[in-house]
Amino acid sequence: MSDNTSPRDDGFTIAGKTYHSRLLVGSGKYKDLEETRRATEASGAEIITVAIRRTNIGQNPDEPNLLDVVPPSQYTILPNTAGCYTAEDAVRTCRLARELLDGHKLVKLEVLGDEKTLYPDVTATLAAAETLVKDGFDVMVYTSDDPIIAKRLEEIGCCAVMPLAAPIGSGLGIQNKYNLLTIVENATVPILVDAGVGTASDAAIAMELGCDGVLMNTAIAGAGDPVLMASAMKKAIEAGREAFLAGRIPRKRYASASSPVDGTFF
């Protein structure tokens, strides 16, 4: 990266489109649509994920429409399959989203295993991913932090793989940095951390590991001041990306003087 290039100029590509913000945000859990709008703007995000089974994007004409505050003319809307516990439900939800959004092909797939942990059912996720890719969808897929599963999802044809940092909404931060590092090192598609981020330092660590981006919802919407937290997350993503590009110093067990001792005068 040249001296005159900012992290926001350092784009990444998903399904043929280049994005400059590496922060992706959810649209749920805010107190109202106005707060959703303000936090989304403060985040600088270009991709906004929407839970099709829980959010009105036009299927209920008499209710407030999310797309009035995050319009598709300004953002890439990423329909997701939150709340789906079978491959069949997830596929059906993606097809519904395609109809509601006039043939929109980019989706975020998640198939959950149980209601307590919201951990992904990787077997069902693999099956749903295979069906959706064959059906012409561009699939960004939520999964566990298992490097083998991540690679398999890439081989199926998913355009981005999104391993969790910790369980959805837990705020625990990155629990297994080395698994994420292995996934990143072996990938030829974008790797984005999805789930578990609690605060700005968690997002920065994900980016320092070399992840292409981070998707979050609860960490922003559940904060005491969601708009301020959105701004903090934007800065953390940019700082973490800059640090990754700069290259950190090696870790050492013992001290290393900041000023050389060779050639001292006394």
# chains A, B, ... in the order shown; residues from 1 in each chain; ligands from 1
>>> select_by_dssp(residues="stretch 16-194 of chain A", states="strand (DSSP E or B)", output="PyMOL selection string")
chain A and resi 17-19+23-26+47-51+76-80+106-109+112+120+138-143+160-163+191-194
>>> residues_around(residues="A:Ser170", least_positions_apart="5", cutoff="9 Å", atoms="only C-alpha atoms", output="PyMOL selection string")
chain A and resi 195-198+218-219
>>> residues_around(residues="A:Gly44", least_positions_apart="6", cutoff="12 Å", atoms="only C-alpha atoms", output="MDAnalysis selection string")
chainID A and resid 8 19:25 37:38 74:75 227 229:238
>>> write_last_selection(atoms="N, CA and C atoms", output="compact mmCIF listing (two decimals), in the first residue's frame")
# COMPACT_ATOMS: atom_id res chain seq x y z
N ARG A 8 -9.41 2.57 3.40
CA ARG A 8 -10.67 2.53 2.68
C ARG A 8 -10.46 2.44 1.17
N TYR A 19 -15.70 -3.55 -2.79
CA TYR A 19 -16.16 -2.74 -1.65
C TYR A 19 -14.94 -2.14 -0.97
N HIS A 20 -15.14 -0.95 -0.39
CA HIS A 20 -14.03 -0.26 0.26
C HIS A 20 -14.16 -0.26 1.78
N SER A 21 -15.37 -0.46 2.29
CA SER A 21 -15.54 -0.65 3.72
C SER A 21 -15.49 -2.14 4.02
N ARG A 22 -14.63 -2.51 4.95
CA ARG A 22 -14.51 -3.92 5.34
C ARG A 22 -15.36 -4.25 6.56
N LEU A 23 -16.19 -3.32 6.96
CA LEU A 23 -17.16 -3.54 8.03
C LEU A 23 -18.53 -3.78 7.41
N LEU A 24 -19.11 -4.94 7.70
CA LEU A 24 -20.47 -5.26 7.27
C LEU A 24 -21.34 -5.26 8.52
N VAL A 25 -22.54 -4.72 8.42
CA VAL A 25 -23.37 -4.61 9.62
C VAL A 25 -24.75 -5.21 9.41
N ARG A 37 -30.79 3.69 10.88
CA ARG A 37 -30.22 4.56 9.85
C ARG A 37 -28.97 5.27 10.35
N ARG A 38 -29.03 5.85 11.53
CA ARG A 38 -27.91 6.63 12.05
C ARG A 38 -26.69 5.75 12.32
N GLN A 74 -28.18 2.85 -2.18
CA GLN A 74 -27.00 3.31 -1.44
C GLN A 74 -26.21 2.16 -0.83
N TYR A 75 -26.86 1.03 -0.58
CA TYR A 75 -26.21 -0.09 0.08
C TYR A 75 -26.45 -1.38 -0.69
N VAL A 227 -24.77 4.36 17.90
CA VAL A 227 -24.19 5.20 16.85
C VAL A 227 -22.71 5.44 17.13
N MET A 229 -20.77 3.47 18.95
CA MET A 229 -20.07 2.20 18.79
C MET A 229 -19.85 1.89 17.31
N ALA A 230 -20.82 2.22 16.47
CA ALA A 230 -20.65 2.01 15.03
C ALA A 230 -19.44 2.78 14.52
N SER A 231 -19.28 4.00 14.98
CA SER A 231 -18.13 4.82 14.60
C SER A 231 -16.83 4.19 15.10
N ALA A 232 -16.85 3.68 16.33
CA ALA A 232 -15.67 3.03 16.89
C ALA A 232 -15.29 1.79 16.09
N MET A 233 -16.29 1.01 15.68
CA MET A 233 -16.02 -0.20 14.90
C MET A 233 -15.42 0.14 13.54
N LYS A 234 -15.91 1.20 12.93
CA LYS A 234 -15.35 1.64 11.65
C LYS A 234 -13.85 1.92 11.79
N LYS A 235 -13.48 2.65 12.84
CA LYS A 235 -12.08 3.00 13.06
C LYS A 235 -11.25 1.76 13.38
N ALA A 236 -11.83 0.82 14.15
CA ALA A 236 -11.10 -0.39 14.52
C ALA A 236 -10.79 -1.25 13.30
N ILE A 237 -11.76 -1.37 12.41
CA ILE A 237 -11.55 -2.14 11.18
C ILE A 237 -10.43 -1.52 10.36
N GLU A 238 -10.45 -0.22 10.22
CA GLU A 238 -9.43 0.46 9.43
C GLU A 238 -8.06 0.34 10.08
>>> select_by_dssp(residues="stretch 71-197 of chain A", states="alpha helix (DSSP H)", output="ChimeraX atom specification")
/A:87-100,122-134,147-156,177-186
>>> residues_around(residues="A:Val107", least_positions_apart="6", cutoff="10 Å", atoms="only C-alpha atoms", output="PyMOL selection string")
chain A and resi 49-50+77-81+93-95+97-98+132+137-141+159
>>> write_last_selection(atoms="all heavy atoms", output="CSV table (one decimal), in the first residue's frame")
chain,number,residue,atom,x,y,z
A,49,THR,N,-26.8,-6.6,6.1
A,49,THR,CA,-27.4,-7.9,6.1
A,49,THR,C,-28.8,-7.8,6.8
A,49,THR,O,-29.0,-7.0,7.7
A,49,THR,CB,-26.6,-9.0,6.8
A,49,THR,OG1,-27.2,-10.3,6.6
A,49,THR,CG2,-26.4,-8.7,8.3
A,50,VAL,N,-29.8,-8.5,6.2
A,50,VAL,CA,-31.2,-8.4,6.6
A,50,VAL,C,-31.8,-9.8,6.8
A,50,VAL,O,-31.6,-10.7,5.9
A,50,VAL,CB,-32.0,-7.7,5.5
A,50,VAL,CG1,-33.5,-7.6,5.9
A,50,VAL,CG2,-31.5,-6.3,5.2
A,77,ILE,N,-27.8,-4.8,-0.2
A,77,ILE,CA,-28.6,-5.5,0.8
A,77,ILE,C,-28.2,-7.0,0.7
A,77,ILE,O,-28.2,-7.6,-0.4
A,77,ILE,CB,-30.1,-5.4,0.5
A,77,ILE,CG1,-30.5,-3.8,0.5
A,77,ILE,CG2,-31.0,-6.1,1.5
A,77,ILE,CD1,-30.2,-3.1,1.7
A,78,LEU,N,-27.9,-7.6,1.9
A,78,LEU,CA,-27.5,-9.0,2.0
A,78,LEU,C,-28.5,-9.7,2.7
A,78,LEU,O,-28.5,-9.8,4.0
A,78,LEU,CB,-26.1,-9.1,2.6
A,78,LEU,CG,-25.5,-10.4,2.8
A,78,LEU,CD1,-25.3,-11.1,1.5
A,78,LEU,CD2,-24.2,-10.4,3.6
A,79,PRO,N,-29.5,-10.4,2.1
A,79,PRO,CA,-30.5,-11.2,2.8
A,79,PRO,C,-29.8,-12.4,3.5
A,79,PRO,O,-28.9,-13.0,2.9
A,79,PRO,CB,-31.4,-11.7,1.6
A,79,PRO,CG,-31.1,-10.9,0.4
A,79,PRO,CD,-29.7,-10.4,0.6
A,80,ASN,N,-30.3,-12.6,4.7
A,80,ASN,CA,-29.7,-13.8,5.4
A,80,ASN,C,-30.8,-14.7,5.8
A,80,ASN,O,-32.0,-14.4,5.8
A,80,ASN,CB,-28.8,-13.4,6.5
A,80,ASN,CG,-29.6,-12.8,7.7
A,80,ASN,OD1,-30.5,-13.4,8.3
A,80,ASN,ND2,-29.2,-11.5,8.1
A,81,THR,N,-30.4,-15.9,6.2
A,81,THR,CA,-31.3,-17.0,6.6
A,81,THR,C,-31.4,-17.2,8.1
A,81,THR,O,-31.6,-18.3,8.5
A,81,THR,CB,-31.0,-18.3,5.8
A,81,THR,OG1,-29.7,-18.7,6.2
A,81,THR,CG2,-31.0,-18.1,4.3
A,93,THR,N,-35.9,-19.7,2.0
A,93,THR,CA,-35.8,-18.3,2.4
A,93,THR,C,-34.9,-17.5,1.4
A,93,THR,O,-35.3,-16.3,1.0
A,93,THR,CB,-35.1,-18.2,3.8
A,93,THR,OG1,-36.0,-18.9,4.7
A,93,THR,CG2,-35.0,-16.7,4.2
A,94,CYS,N,-33.9,-18.1,0.9
A,94,CYS,CA,-33.1,-17.4,-0.1
A,94,CYS,C,-33.8,-17.2,-1.4
A,94,CYS,O,-33.7,-16.1,-2.1
A,94,CYS,CB,-31.8,-18.2,-0.4
A,94,CYS,SG,-30.6,-18.1,0.9
A,95,ARG,N,-34.6,-18.1,-1.8
A,95,ARG,CA,-35.4,-18.0,-3.0
A,95,ARG,C,-36.5,-16.9,-2.8
A,95,ARG,O,-36.8,-16.1,-3.8
A,95,ARG,CB,-36.1,-19.3,-3.4
A,95,ARG,CG,-35.0,-20.3,-3.9
A,95,ARG,CD,-35.6,-21.7,-4.1
A,95,ARG,NE,-34.6,-22.6,-4.8
A,95,ARG,CZ,-34.6,-23.9,-4.7
A,95,ARG,NH1,-35.6,-24.5,-4.1
A,95,ARG,NH2,-33.6,-24.6,-5.3
A,97,ALA,N,-36.1,-14.3,-0.9
A,97,ALA,CA,-35.4,-13.0,-0.9
A,97,ALA,C,-35.1,-12.6,-2.4
A,97,ALA,O,-35.2,-11.4,-2.7
A,97,ALA,CB,-34.1,-13.1,-0.2
A,98,ARG,N,-34.8,-13.6,-3.2
A,98,ARG,CA,-34.6,-13.3,-4.6
A,98,ARG,C,-35.8,-12.7,-5.3
A,98,ARG,O,-35.7,-11.7,-6.1
A,98,ARG,CB,-34.1,-14.5,-5.4
A,98,ARG,CG,-33.8,-14.3,-6.8
A,98,ARG,CD,-33.0,-15.5,-7.4
A,98,ARG,NE,-33.8,-16.8,-7.3
A,98,ARG,CZ,-33.3,-18.0,-7.6
A,98,ARG,NH1,-32.0,-18.0,-8.1
A,98,ARG,NH2,-34.0,-19.0,-7.5
A,132,LEU,N,-27.8,-24.0,-3.3
A,132,LEU,CA,-27.9,-22.6,-3.7
A,132,LEU,C,-26.9,-22.2,-4.8
A,132,LEU,O,-27.2,-21.4,-5.7
A,132,LEU,CB,-27.7,-21.7,-2.5
A,132,LEU,CG,-28.8,-21.7,-1.4
A,132,LEU,CD1,-28.4,-21.0,-0.1
A,132,LEU,CD2,-30.1,-21.1,-2.0
A,137,PHE,N,-27.1,-18.7,-7.0
A,137,PHE,CA,-26.9,-17.7,-6.0
A,137,PHE,C,-25.4,-17.5,-5.8
A,137,PHE,O,-24.6,-18.4,-6.0
A,137,PHE,CB,-27.5,-18.2,-4.7
A,137,PHE,CG,-29.0,-18.1,-4.6
A,137,PHE,CD1,-29.8,-19.1,-5.0
A,137,PHE,CD2,-29.6,-16.9,-4.2
A,137,PHE,CE1,-31.2,-19.0,-4.9
A,137,PHE,CE2,-31.0,-16.8,-4.1
A,137,PHE,CZ,-31.8,-17.8,-4.5
A,138,ASP,N,-25.1,-16.3,-5.4
A,138,ASP,CA,-23.7,-15.9,-4.8
A,138,ASP,C,-23.8,-16.0,-3.3
A,138,ASP,O,-24.5,-15.3,-2.7
A,138,ASP,CB,-23.3,-14.5,-5.2
A,138,ASP,CG,-23.2,-14.4,-6.7
A,138,ASP,OD1,-22.6,-15.3,-7.4
A,138,ASP,OD2,-23.6,-13.3,-7.3
A,139,VAL,N,-23.2,-17.0,-2.8
A,139,VAL,CA,-23.4,-17.4,-1.4
A,139,VAL,C,-22.2,-17.0,-0.5
A,139,VAL,O,-21.1,-17.4,-0.7
A,139,VAL,CB,-23.6,-19.0,-1.3
A,139,VAL,CG1,-23.9,-19.3,0.2
A,139,VAL,CG2,-24.8,-19.4,-2.2
A,140,MET,N,-22.5,-16.2,0.5
A,140,MET,CA,-21.6,-15.9,1.6
A,140,MET,C,-22.1,-16.7,2.8
A,140,MET,O,-23.3,-16.7,3.1
A,140,MET,CB,-21.7,-14.4,2.0
A,140,MET,CG,-21.3,-13.5,0.8
A,140,MET,SD,-21.5,-11.7,1.2
A,140,MET,CE,-20.3,-11.5,2.4
A,141,VAL,N,-21.3,-17.5,3.4
A,141,VAL,CA,-21.7,-18.6,4.2
A,141,VAL,C,-21.1,-18.5,5.7
A,141,VAL,O,-19.9,-18.4,5.8
A,141,VAL,CB,-21.5,-20.0,3.6
A,141,VAL,CG1,-20.0,-20.2,3.3
A,141,VAL,CG2,-22.0,-21.1,4.5
A,159,CYS,N,-18.9,-17.6,-2.5
A,159,CYS,CA,-18.1,-16.5,-2.8
A,159,CYS,C,-17.4,-15.8,-1.6
A,159,CYS,O,-16.5,-15.0,-1.8
A,159,CYS,CB,-18.9,-15.5,-3.6
A,159,CYS,SG,-20.2,-14.7,-2.6
>>> atom_distance(atom1="atom CA of A:Ala42", atom2="atom CA of A:Lys108")
22.7 Å
>>> closest_residue(among="A:Ala87, A:Leu101, A:Ile249, A:Leu96", to="A:Pro72", atoms="only C-alpha atoms")
A:Leu101
>>> residues_around(residues="A:Leu181", least_positions_apart="6", cutoff="10 Å", atoms="only C-alpha atoms", output="MDAnalysis selection string")
chainID A and resid 145 147 206 208:211
>>> atom_distance(atom1="atom CA of A:Ala200", atom2="atom CA of A:Ala223")
11.4 Å
>>> residues_around(residues="A:Gly26", least_positions_apart="2", cutoff="6 Å", atoms="only C-alpha atoms", output="short mmCIF file (atom, residue, chain, number, x, y, z; two decimals) with C-alpha atoms, in the first residue's frame")
data_model
loop_
_atom_site.label_atom_id
_atom_site.label_comp_id
_atom_site.auth_asym_id
_atom_site.auth_seq_id
_atom_site.Cartn_x
_atom_site.Cartn_y
_atom_site.Cartn_z
CA GLY A 28 -31.70 -5.93 13.63
CA ILE A 48 -26.14 -4.44 5.17
CA THR A 49 -27.44 -7.88 6.13
CA ASN A 217 -24.88 -6.64 14.60
#
>>> atom_distance(atom1="atom CA of A:Ile57", atom2="atom CA of A:Leu215")
20.2 Å
>>> residues_around(residues="A:Asp32", least_positions_apart="2", cutoff="12 Å", atoms="only C-alpha atoms", output="compact mmCIF listing (two decimals) with N, CA and C atoms, in the first residue's frame")
# COMPACT_ATOMS: atom_id res chain seq x y z
N SER A 27 -28.95 -5.32 10.57
CA SER A 27 -30.00 -4.30 10.64
C SER A 27 -31.00 -4.57 11.75
N GLY A 28 -30.76 -5.57 12.58
CA GLY A 28 -31.70 -5.93 13.63
C GLY A 28 -31.30 -5.38 14.98
N LYS A 29 -32.22 -5.48 15.93
CA LYS A 29 -32.01 -5.21 17.36
C LYS A 29 -31.92 -3.73 17.73
N TYR A 30 -32.08 -2.83 16.77
CA TYR A 30 -32.10 -1.41 17.11
C TYR A 30 -33.47 -1.04 17.68
N GLU A 34 -34.96 4.75 12.80
CA GLU A 34 -34.11 5.94 12.79
C GLU A 34 -32.74 5.63 13.40
N GLU A 35 -32.73 4.88 14.48
CA GLU A 35 -31.44 4.48 15.07
C GLU A 35 -30.68 3.55 14.11
N THR A 36 -31.42 2.68 13.43
CA THR A 36 -30.80 1.82 12.41
C THR A 36 -30.09 2.67 11.36
N ARG A 37 -30.79 3.69 10.88
CA ARG A 37 -30.22 4.56 9.85
C ARG A 37 -28.97 5.27 10.35
N ARG A 38 -29.03 5.85 11.53
CA ARG A 38 -27.91 6.63 12.05
C ARG A 38 -26.69 5.75 12.32
N ALA A 39 -26.91 4.57 12.90
CA ALA A 39 -25.79 3.68 13.19
C ALA A 39 -25.17 3.14 11.90
N PRO A 64 -43.65 -0.53 8.62
CA PRO A 64 -42.45 0.21 8.24
C PRO A 64 -41.48 -0.69 7.46
N ASN A 65 -40.90 -0.12 6.43
CA ASN A 65 -40.03 -0.88 5.54
C ASN A 65 -38.57 -0.50 5.81
N LEU A 66 -37.75 -1.50 6.13
CA LEU A 66 -36.33 -1.25 6.39
C LEU A 66 -35.66 -0.55 5.22
N VAL A 69 -34.85 3.23 5.06
CA VAL A 69 -33.72 3.87 5.76
C VAL A 69 -32.37 3.32 5.30
N ALA A 221 -25.66 -2.71 17.82
CA ALA A 221 -27.05 -2.43 18.20
C ALA A 221 -27.28 -2.58 19.70
N PRO A 226 -25.36 2.99 20.33
CA PRO A 226 -25.08 2.26 19.09
C PRO A 226 -24.40 3.10 18.02
